>>> print(open('model.cif').read())   # mmCIF, C-alpha atoms
data_structure
loop_
_atom_site.group_PDB
_atom_site.id
_atom_site.type_symbol
_atom_site.label_atom_id
_atom_site.label_comp_id
_atom_site.auth_asym_id
_atom_site.auth_seq_id
_atom_site.Cartn_x
_atom_site.Cartn_y
_atom_site.Cartn_z
ATOM 1 C CA MET A 1 44.708 -59.090 65.815
ATOM 2 C CA ARG A 2 45.161 -55.734 64.156
ATOM 3 C CA ILE A 3 48.678 -56.593 63.154
ATOM 4 C CA GLY A 4 47.422 -59.709 61.364
ATOM 5 C CA LYS A 5 44.778 -57.768 59.486
ATOM 6 C CA ARG A 6 47.303 -55.146 58.457
ATOM 7 C CA SER A 7 49.720 -57.717 57.161
ATOM 8 C CA ILE A 8 46.981 -59.428 55.146
ATOM 9 C CA ALA A 9 45.884 -56.070 53.754
ATOM 10 C CA GLY A 10 49.493 -55.322 52.847
ATOM 11 C CA LEU A 11 49.854 -58.655 51.043
ATOM 12 C CA LEU A 12 46.674 -58.040 49.083
ATOM 13 C CA THR A 13 47.810 -54.552 48.136
ATOM 14 C CA ALA A 14 51.226 -55.840 47.107
ATOM 15 C CA SER A 15 49.650 -58.510 44.912
ATOM 16 C CA LEU A 16 47.690 -55.815 43.089
ATOM 17 C CA LEU A 17 50.900 -53.957 42.335
ATOM 18 C CA LEU A 18 52.564 -56.951 40.699
ATOM 19 C CA PRO A 19 52.738 -56.863 36.904
ATOM 20 C CA VAL A 20 50.049 -58.620 34.879
ATOM 21 C CA PRO A 21 51.218 -61.953 33.458
ATOM 22 C CA ALA A 22 52.241 -61.870 29.824
ATOM 23 C CA LEU A 23 49.617 -64.464 28.886
ATOM 24 C CA ALA A 24 46.800 -62.214 30.106
ATOM 25 C CA ILE A 25 48.158 -59.306 28.067
ATOM 26 C CA GLN A 26 48.444 -61.525 25.001
ATOM 27 C CA GLN A 27 44.837 -62.735 25.399
ATOM 28 C CA LYS A 28 43.579 -59.164 25.713
ATOM 29 C CA ALA A 29 45.512 -58.161 22.592
ATOM 30 C CA ALA A 30 44.068 -61.116 20.648
ATOM 31 C CA LYS A 31 40.519 -60.074 21.582
ATOM 32 C CA ALA A 32 41.183 -56.443 20.718
ATOM 33 C CA THR A 33 42.624 -57.193 17.284
ATOM 34 C CA GLY A 34 39.709 -59.458 16.368
ATOM 35 C CA ARG A 35 41.625 -62.392 14.964
ATOM 36 C CA VAL A 36 40.026 -64.087 12.021
ATOM 37 C CA THR A 37 39.001 -67.723 12.387
ATOM 38 C CA PRO A 38 39.206 -70.132 9.442
ATOM 39 C CA LYS A 39 35.464 -69.774 8.644
ATOM 40 C CA GLN A 40 35.821 -66.009 8.540
ATOM 41 C CA SER A 41 37.593 -63.847 6.027
ATOM 42 C CA LYS A 42 38.574 -60.224 6.194
ATOM 43 C CA GLY A 43 37.260 -58.429 3.172
ATOM 44 C CA SER A 44 36.631 -55.082 1.629
ATOM 45 C CA ALA A 45 33.484 -53.049 2.155
ATOM 46 C CA THR A 46 32.019 -54.344 -1.097
ATOM 47 C CA ALA A 47 32.654 -57.926 -0.002
ATOM 48 C CA VAL A 48 30.771 -57.238 3.233
ATOM 49 C CA ILE A 49 27.871 -55.685 1.291
ATOM 50 C CA ASP A 50 27.731 -58.624 -1.124
ATOM 51 C CA HIS A 51 27.796 -61.047 1.794
ATOM 52 C CA GLU A 52 24.943 -59.172 3.508
ATOM 53 C CA HIS A 53 22.941 -59.304 0.276
ATOM 54 C CA GLU A 54 23.374 -63.087 0.082
ATOM 55 C CA GLU A 55 22.315 -63.459 3.716
ATOM 56 C CA ARG A 56 19.305 -61.207 3.109
ATOM 57 C CA LEU A 57 18.178 -63.518 0.299
ATOM 58 C CA GLU A 58 18.710 -66.518 2.589
ATOM 59 C CA TYR A 59 16.609 -64.829 5.299
ATOM 60 C CA LYS A 60 13.778 -64.137 2.839
ATOM 61 C CA ALA A 61 13.750 -67.792 1.760
ATOM 62 C CA PHE A 62 13.906 -68.919 5.402
ATOM 63 C CA ALA A 63 11.009 -66.608 6.370
ATOM 64 C CA ARG A 64 8.957 -67.749 3.382
ATOM 65 C CA ASP A 65 9.422 -71.404 4.365
ATOM 66 C CA VAL A 66 8.522 -70.785 8.009
ATOM 67 C CA ARG A 67 5.425 -68.762 7.098
ATOM 68 C CA ALA A 68 4.294 -71.431 4.631
ATOM 69 C CA GLN A 69 4.762 -74.134 7.237
ATOM 70 C CA PHE A 70 2.506 -72.365 9.770
ATOM 71 C CA ARG A 71 0.066 -70.624 7.398
ATOM 72 C CA GLY A 72 -3.574 -70.815 8.494
ATOM 73 C CA ASN A 73 -2.547 -71.874 11.974
ATOM 74 C CA THR A 74 -3.292 -70.128 15.253
ATOM 75 C CA LEU A 75 0.470 -69.641 15.714
ATOM 76 C CA GLU A 76 0.825 -66.892 13.092
ATOM 77 C CA ALA A 77 1.515 -64.193 15.717
ATOM 78 C CA SER A 78 4.169 -66.385 17.314
ATOM 79 C CA VAL A 79 5.755 -67.011 13.917
ATOM 80 C CA LYS A 80 5.856 -63.277 13.237
ATOM 81 C CA LYS A 81 7.551 -62.637 16.595
ATOM 82 C CA TYR A 82 10.002 -65.490 15.956
ATOM 83 C CA LEU A 83 10.949 -64.110 12.533
ATOM 84 C CA ASN A 84 11.374 -60.614 13.990
ATOM 85 C CA ASN A 85 13.792 -62.016 16.586
ATOM 86 C CA VAL A 86 15.772 -63.853 13.903
ATOM 87 C CA LEU A 87 15.928 -60.662 11.842
ATOM 88 C CA LYS A 88 17.101 -58.730 14.907
ATOM 89 C CA ASP A 89 19.918 -61.260 15.412
ATOM 90 C CA LEU A 90 20.814 -61.074 11.722
ATOM 91 C CA ARG A 91 20.994 -57.275 11.843
ATOM 92 C CA ALA A 92 23.262 -57.435 14.906
ATOM 93 C CA HIS A 93 25.441 -59.890 12.957
ATOM 94 C CA TRP A 94 25.582 -57.418 10.058
ATOM 95 C CA ARG A 95 26.527 -54.550 12.390
ATOM 96 C CA ALA A 96 29.426 -56.590 13.740
ATOM 97 C CA GLU A 97 30.550 -57.458 10.224
ATOM 98 C CA SER A 98 30.368 -53.841 9.088
ATOM 99 C CA ARG A 99 32.268 -52.645 12.149
ATOM 100 C CA THR A 100 35.073 -55.213 11.943
ATOM 101 C CA GLY A 101 35.146 -55.888 8.216
ATOM 102 C CA VAL A 102 35.202 -59.616 8.960
ATOM 103 C CA VAL A 103 32.744 -61.686 6.948
ATOM 104 C CA SER A 104 31.360 -64.755 8.734
ATOM 105 C CA PRO A 105 28.374 -67.002 8.022
ATOM 106 C CA PHE A 106 25.087 -66.544 9.851
ATOM 107 C CA ASN A 107 23.535 -69.800 10.993
ATOM 108 C CA PHE A 108 19.776 -69.693 10.742
ATOM 109 C CA PRO A 109 18.053 -71.613 13.549
ATOM 110 C CA ASP A 110 16.326 -74.926 12.962
ATOM 111 C CA VAL A 111 12.559 -74.861 12.940
#
>>> encode(input="model.cif", output="structure tokens")
Amino acid sequence: MRIGKRSIAGLLTASLLLPVPALAIQQKAAKATGRVTPKQSKGSATAVIDHEHEERLEYKAFARDVRAQFRGNTLEASVKKYLNNVLKDLRAHWRAESRTGVVSPFNFPDV
């Protein structure tokens, strides 16, 4: 039985030593370079700032509409928490855009 276990262990070790397929390397390289999809565009720092400003105005309008819809309701605390979570997601989106320089649209959730 020990001989069988040793041979299986040897096969597993040998399979780890084999080179990584070229497709896996290519996929890793594509993720690392951050390829731009058709809805995204790579822009300058000022383009990213302008895009963030437009999204900030969209968020303010979105928040105003949501607050108006639930004003005077017992759900005001829930609305505040919901808007804080949306803003947190938007800020994470902006961090990614600033880091990569790739401008992409932020999709506000449906209410």
>>> atom_distance(input="model.cif", atom1="CA of Asn73 (chain A)", atom2="CA of Tyr59 (chain A)")
21.5 Å
>>> resolve_selection(input="model.cif", expression="the PyMOL selection byres ((chain A and resi 95-98) around 10)", output="list in words")
Lys42, Gly43, Ser44, Ala45, Val48, Ile49, His51, Glu52, Asp89, Leu90, Arg91, Ala92, His93, Trp94, Arg99, Thr100, Gly101, Val102, Val103 and Ser104 of chain A
>>> atom_distance(input="model.cif", atom1="CA of Asp50 (chain A)", atom2="CA of Arg67 (chain A)")
25.8 Å
>>> residues_near_point(input="model.cif", point="(14.2, -62.4, 4.3)", cutoff="12 Å", atoms="only C-alpha atoms", output="list in words")
Glu52, His53, Glu54, Glu55, Arg56, Leu57, Glu58, Tyr59, Lys60, Ala61, Phe62, Ala63, Arg64, Asp65, Val66, Arg67, Leu83, Asn84, Val86, Leu87, Lys88, Leu90, Arg91 and Phe108 of chain A
>>> atom_distance(input="model.cif", atom1="CA of Phe106 (chain A)", atom2="CA of Ser78 (chain A)")
22.2 Å
